[in-house]
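Working notes for the structure below.
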Amino acid sequence: MKAKGLGFYLLLLPFVLWFVLLIVLPHLQMLELSFIKRDYVAGDSVGWYQYQQFLGEPLYWRTLLRTVWMSLLATFITLLVSFPVAFFIAKVAQGKVKRLLLLSCLLPFWVSELVRTYGWMILLRESGVISQGLMALGLTEQPIEFLYNDVSMLVGLVYTSMLFMVVPLVSTLEGLDQSLIEAGYDLGGNGWNVTTSIIVPYAMPGIVSGCIMVFMLCLGNYLTPRLLGGKDSLWFTEQIFTQFITRFNWELGAAFGVILLLVSSLVVALGLKLSGQSFSRTLGR
Amino acid sequence: MLHQLRGPAKSFYQFYMVGFLVFLALPLSIVAVFAFNDSLFAALPWQGFTLDWFIGQTEPKLGILYDDGLLSSIAVSASIACFVTLFSLLLATANAWLFIRFDFPGKNWLYIGLLLPLVIPGVILGVAILVASSSLANSIENSFAWELEWLRPGFVLVVIGQVAFITTIATLVVLARLRKFDFSLEEAALNLGANSWVAFVTVVLPFLSPALIGAAVVSFLMSFENFNTTLMLVGSDAPLTIAMYDRLREGSTPVLNAVSLLLMLGSAFIALVSMLFDGKSKQD
């Protein structure tokens, strides 16, 4: 390694400016704002006022709980759906088929999330393709509304975040030695034993990194719950948007932002702890 | 595993893979198909084939080529994406070089700092930048009576917000390539009398160029399709994703399908070109 000259500090400068000005300072300001109570008569004061409001209004904390729960559910479903696919791509498919499969997994994600969600709307809504198709086949008399419920929202969330599960799974499973699987079978294991005691433990780093990415994407999603979820399916990001843009209550919105950030960090930290993975190794591949 | 599977289990697995591919392709193909439906709604029944949603010149079937609102939002998105790509790429190159080439106290902590934007939800990043820039703008206005328009929601803030997290992703792409660089080549250049800047430009930069192109493509596409961060920072000129979202809520015509189809073709083209470059770099 080189001695640290002027060059080192010139390189450190852009990193520090980016990190401090665009990441750290904005979040500290948001934290500060969340503790301010505006009072145009008595003057502004500092305190837990916004956080008390959050705890005192069941709509707010229930929305948060629901968002976390649905995100966990979506993450779990995404893992279940993606694992066989990733295994197929990493271990079964060869040559051209393998490249084509990986490509077909990647391509939809080069397209905007809005377009993907819009596709599901055209498919699922009352005047949509599935409902009208069922009617044309004579399977149902009335058009059916598939949209605006938890299932359609979960389908959208899983679809939107699938890639971020498949890619880390494929890259860890590719390192798995085929002979380990064969040894498992030779020792009398069945498909289930081999999967649970050889393949899954080996893929753990990929599983954790995929789950963290997918969970964060679901938790921070705005479009999918808004467009595919029902009227009652409030998402916490929507609450933040409402406080900031619709109600112009920036102090409460900032508190919501801090709370969401805390909850997401907690879940990520817990996931890393439980699986014994490190943050920079899982995400900084 | 599959060669161990026989009979129904094997057919089930193959059936599953086919089902998965259908699941992947279905929403996008439906969007594409309905760009050609001669109806005011993107829904069944099929009313016949038309190109009006691309080239229609009059309301209600105003095609994308004549829809000034959507066209200008595409221009806004493209210029935002150009700025974001430029800044993120410059930052990413400097960051990657810093983390590969130097050891310094607290390096691991700074690396965690570099990765941090990956676990900040986009809406929150947007909100935090909105709060910080507004409070800066307010304090400048109060102290100096200058109204700095660019610190209010709009073009500049969207660029700042997107650079904040796209820099991380671009840095990871450049870092991955730089890890494979043989630093004795740089030493050789230095021994032959180059200064470190000349050595960087003539030896390292050519080696990095495929990763830089890849990072540029990723940054451009991520910026172009970003919604969450942009939503909180947008001013009067809406980028494409925001403009489409507003149309979608008002009740849309298949002109949105036409835009979406063009977007799909555009990103598929860009992605394929970048994959060609990537393939070349692996042959090196």
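By convention in this document, the chains of the structure tokens carry letters A, B, ... by their order, each chain's residues are numbered from 1, and ligands are numbered from 1 in the order they are shown.
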For range 111-124 of chain B, please output as an mmCIF file with C-alpha atoms, in the first residue's frame all residues within 7 Å (counting only C-alpha atoms; exclusion window: fewer than 6 positions along the same chain).
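Written file, part_0.cif:
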data_model
loop_
_atom_site.group_PDB
_atom_site.id
_atom_site.type_symbol
_atom_site.label_atom_id
_atom_site.label_comp_id
_atom_site.auth_asym_id
_atom_site.auth_seq_id
_atom_site.Cartn_x
_atom_site.Cartn_y
_atom_site.Cartn_z
ATOM 1 C CA MET A 216 -36.253 -3.788 2.685
ATOM 2 C CA GLY A 220 -40.095 0.697 1.587
ATOM 3 C CA THR A 237 -44.665 4.669 3.470
ATOM 4 C CA GLY A 257 -39.431 8.167 8.946
ATOM 5 C CA LEU A 261 -35.719 3.347 9.742
ATOM 6 C CA SER A 280 -20.491 -5.905 4.783
ATOM 7 C CA GLY A 284 -20.924 -5.799 -0.295
ATOM 8 C CA PHE B 165 -28.035 5.871 -3.319
ATOM 9 C CA THR B 168 -23.344 2.969 -3.724
ATOM 10 C CA ASN B 228 -39.778 6.180 -4.298
ATOM 11 C CA THR B 229 -37.019 8.729 -3.731
ATOM 12 C CA MET B 232 -40.703 12.983 -2.327
#
Once you count only C-alpha atoms, what closest atom pair and distance in Å to one decimal does each residue of chain A within 7 Å of chain B have, with rows by chain and rising residue number, as a tab-separated table?
residue	atom	partner	partner_atom	distance
A:Met1	CA	B:Phe102	CA	6.1
A:Lys2	CA	B:Phe102	CA	6.8
A:Leu11	CA	B:Ala94	CA	5.8
A:Leu12	CA	B:Leu98	CA	6.7
A:Pro14	CA	B:Leu91	CA	6.5
A:Phe15	CA	B:Asn95	CA	6.1
A:Leu22	CA	B:Ala164	CA	5.6
A:Ile23	CA	B:Ala164	CA	6.7
A:Pro26	CA	B:Ala128	CA	4.7
A:His27	CA	B:Ala128	CA	5.3
A:Gln29	CA	B:Ala132	CA	5.8
A:Met30	CA	B:Ala128	CA	5.4
A:Val85	CA	B:Met17	CA	6.7
A:Val92	CA	B:Leu2	CA	6.5
A:Leu107	CA	B:Ala268	CA	6.7
A:Trp110	CA	B:Ser267	CA	5.9
A:Val111	CA	B:Met264	CA	5.6
A:Ser112	CA	B:Glu225	CA	4.9
A:Leu114	CA	B:Thr241	CA	6.9
A:Val115	CA	B:Ser260	CA	6.0
A:Arg116	CA	B:Leu28	CA	6.3
A:Gly119	CA	B:Pro27	CA	4.2
A:Trp120	CA	B:Pro27	CA	5.5
A:Ile122	CA	B:Ala43	CA	6.4
A:Leu123	CA	B:Pro27	CA	7.0
A:Ser127	CA	B:Ala43	CA	6.0
A:Gly128	CA	B:Ala43	CA	5.3
A:Val129	CA	B:Leu44	CA	6.0
A:Gln132	CA	B:Leu44	CA	6.4
A:Met216	CA	B:Val119	CA	6.4
A:Gly220	CA	B:Pro121	CA	4.7
A:Tyr222	CA	B:Asn228	CA	6.8
A:Thr237	CA	B:Val123	CA	6.8
A:Gly257	CA	B:Ile124	CA	5.7
A:Leu261	CA	B:Ile120	CA	6.9
A:Ser280	CA	B:Ile112	CA	6.0
A:Gly284	CA	B:Leu115	CA	6.8
Mind pulling up the distance from CA of Val208 in chain A to CA of Gly271 in chain A?
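These two atoms are separated by 7.1 Å.
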One decimal, in Å: what's the spacing between CA of Trp46 in chain B and CA of Met121 in chain A?
16.7 Å
I'd like the neighbourhood of Ala203 in chain A as a PyMOL selection string, where a residue qualifies if any of its atoms comes within 7 Å (using only C-alpha atoms), though same-chain residues fewer than 5 positions away should be ignored.
chain A and resi 169+172-173
Selection from above, N, CA, C and O atoms, as a short mmCIF file (atom, residue, chain, number, x, y, z; two decimals), in the first residue's frame, can you write it?
data_model
loop_
_atom_site.label_atom_id
_atom_site.label_comp_id
_atom_site.auth_asym_id
_atom_site.auth_seq_id
_atom_site.Cartn_x
_atom_site.Cartn_y
_atom_site.Cartn_z
N LEU A 169 -29.09 -16.16 -4.41
CA LEU A 169 -29.21 -17.61 -4.24
C LEU A 169 -28.41 -18.34 -5.31
O LEU A 169 -27.67 -19.28 -5.01
N THR A 172 -24.61 -18.13 -4.59
CA THR A 172 -24.07 -19.01 -3.55
C THR A 172 -24.19 -20.48 -3.96
O THR A 172 -23.26 -21.25 -3.74
N LEU A 173 -25.33 -20.84 -4.56
CA LEU A 173 -25.53 -22.26 -4.90
C LEU A 173 -24.54 -22.73 -5.95
O LEU A 173 -24.22 -23.91 -6.03
#
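Every protein or nucleic acid residue with an atom no more than 10 Å from Val234 in chain B, counting only C-alpha atoms and leaving out same-chain residues fewer than 3 positions away, appears here: Gly126, Leu130, Arg152, Pro153, Gly154, Phe155, Val156, Leu157, Val158, Val159, Thr229, Thr230, Leu231, Asp237, Ala238, Pro239 and Ile242 of chain B.
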May I have the residues from that selection written out with N, CA and C atoms, as a CSV table (one decimal), in the first residue's frame?
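Heads up, here's the output in selection.csv:
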chain,number,residue,atom,x,y,z
B,126,GLY,N,-35.6,10.1,0.5
B,126,GLY,CA,-36.2,11.2,-0.1
B,126,GLY,C,-36.6,12.3,0.9
B,130,LEU,N,-35.2,16.0,1.6
B,130,LEU,CA,-36.2,17.1,1.5
B,130,LEU,C,-36.1,18.0,2.8
B,152,ARG,N,-35.3,23.9,-3.2
B,152,ARG,CA,-36.7,23.4,-3.0
B,152,ARG,C,-37.0,22.3,-4.0
B,153,PRO,N,-38.0,21.5,-3.7
B,153,PRO,CA,-38.3,20.3,-4.6
B,153,PRO,C,-38.2,20.6,-6.1
B,154,GLY,N,-37.6,19.8,-6.8
B,154,GLY,CA,-37.4,20.0,-8.2
B,154,GLY,C,-36.2,19.3,-8.8
B,155,PHE,N,-35.8,19.7,-10.0
B,155,PHE,CA,-34.8,18.9,-10.7
B,155,PHE,C,-33.5,18.6,-9.9
B,156,VAL,N,-33.0,19.7,-9.3
B,156,VAL,CA,-31.7,19.5,-8.6
B,156,VAL,C,-31.8,18.5,-7.4
B,157,LEU,N,-32.9,18.7,-6.7
B,157,LEU,CA,-33.1,17.8,-5.5
B,157,LEU,C,-33.3,16.4,-6.0
B,158,VAL,N,-34.0,16.1,-7.1
B,158,VAL,CA,-34.2,14.8,-7.5
B,158,VAL,C,-32.8,14.2,-7.9
B,159,VAL,N,-32.0,15.0,-8.6
B,159,VAL,CA,-30.6,14.5,-8.9
B,159,VAL,C,-29.8,14.2,-7.6
B,229,THR,N,-37.8,7.6,-4.2
B,229,THR,CA,-37.0,8.7,-3.7
B,229,THR,C,-37.5,10.0,-4.5
B,230,THR,N,-37.7,9.8,-5.8
B,230,THR,CA,-38.1,10.9,-6.7
B,230,THR,C,-39.5,11.5,-6.2
B,231,LEU,N,-40.4,10.6,-5.8
B,231,LEU,CA,-41.7,11.0,-5.4
B,231,LEU,C,-41.7,12.1,-4.4
B,237,ASP,N,-41.8,20.0,-12.7
B,237,ASP,CA,-41.6,19.2,-13.9
B,237,ASP,C,-41.5,17.7,-13.5
B,238,ALA,N,-42.5,16.9,-13.8
B,238,ALA,CA,-42.5,15.5,-13.3
B,238,ALA,C,-41.7,14.7,-14.3
B,239,PRO,N,-40.8,13.8,-13.8
B,239,PRO,CA,-40.2,12.8,-14.6
B,239,PRO,C,-41.2,11.7,-15.0
B,242,ILE,N,-43.3,9.5,-12.4
B,242,ILE,CA,-44.3,10.2,-11.7
B,242,ILE,C,-45.4,10.6,-12.6
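Selecting strand (DSSP E) from the backbone DSSP output for range 14-237 of chain B yields Gln57, Thr58, Lys61 and Leu62 of chain B.
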What's around range 55-63 of chain A at 9 Å? Count only C-alpha atoms, leave out sequence neighbours fewer than 6 positions away in its own chain, and write the answer as a PyMOL selection string.
chain A and resi 233-236+239+256
Could you pull out the helix (DSSP H, G or I) residues of range 4-65 of chain B from DSSP and send them as a VMD selection string?
chain B and resid 7 to 36 52 to 55 64 to 65
Considering only C-alpha atoms, return as a PyMOL selection string whatever protein or nucleic-acid residues lie within 7 Å of range 206-217 of chain B, sequence-local ones (same chain, fewer than 2 positions apart) excluded.
chain B and resi 85+89+170+173-174+177-178+202-204+219-221+274+277-278+281
Output file for the selection above: C-alpha atoms, as an mmCIF file, in the first residue's frame:
data_model
loop_
_atom_site.group_PDB
_atom_site.id
_atom_site.type_symbol
_atom_site.label_atom_id
_atom_site.label_comp_id
_atom_site.auth_asym_id
_atom_site.auth_seq_id
_atom_site.Cartn_x
_atom_site.Cartn_y
_atom_site.Cartn_z
ATOM 1 C CA THR B 85 -24.962 8.859 -14.110
ATOM 2 C CA LEU B 89 -19.735 7.419 -11.904
ATOM 3 C CA ALA B 170 -22.109 2.094 -9.051
ATOM 4 C CA VAL B 173 -19.864 -2.532 -9.747
ATOM 5 C CA VAL B 174 -16.521 -0.721 -10.167
ATOM 6 C CA ARG B 177 -13.764 -5.208 -11.399
ATOM 7 C CA LEU B 178 -10.965 -3.364 -9.606
ATOM 8 C CA THR B 202 -3.173 4.862 -19.218
ATOM 9 C CA VAL B 203 -3.172 1.549 -17.322
ATOM 10 C CA VAL B 204 -6.031 1.377 -14.824
ATOM 11 C CA SER B 219 -27.038 4.072 -12.933
ATOM 12 C CA PHE B 220 -28.917 5.417 -15.950
ATOM 13 C CA LEU B 221 -31.624 2.743 -15.809
ATOM 14 C CA SER B 274 -24.122 -3.746 -21.767
ATOM 15 C CA PHE B 277 -19.530 -5.335 -23.239
ATOM 16 C CA ASP B 278 -19.597 -7.458 -20.104
ATOM 17 C CA SER B 281 -14.537 -7.964 -20.540
#
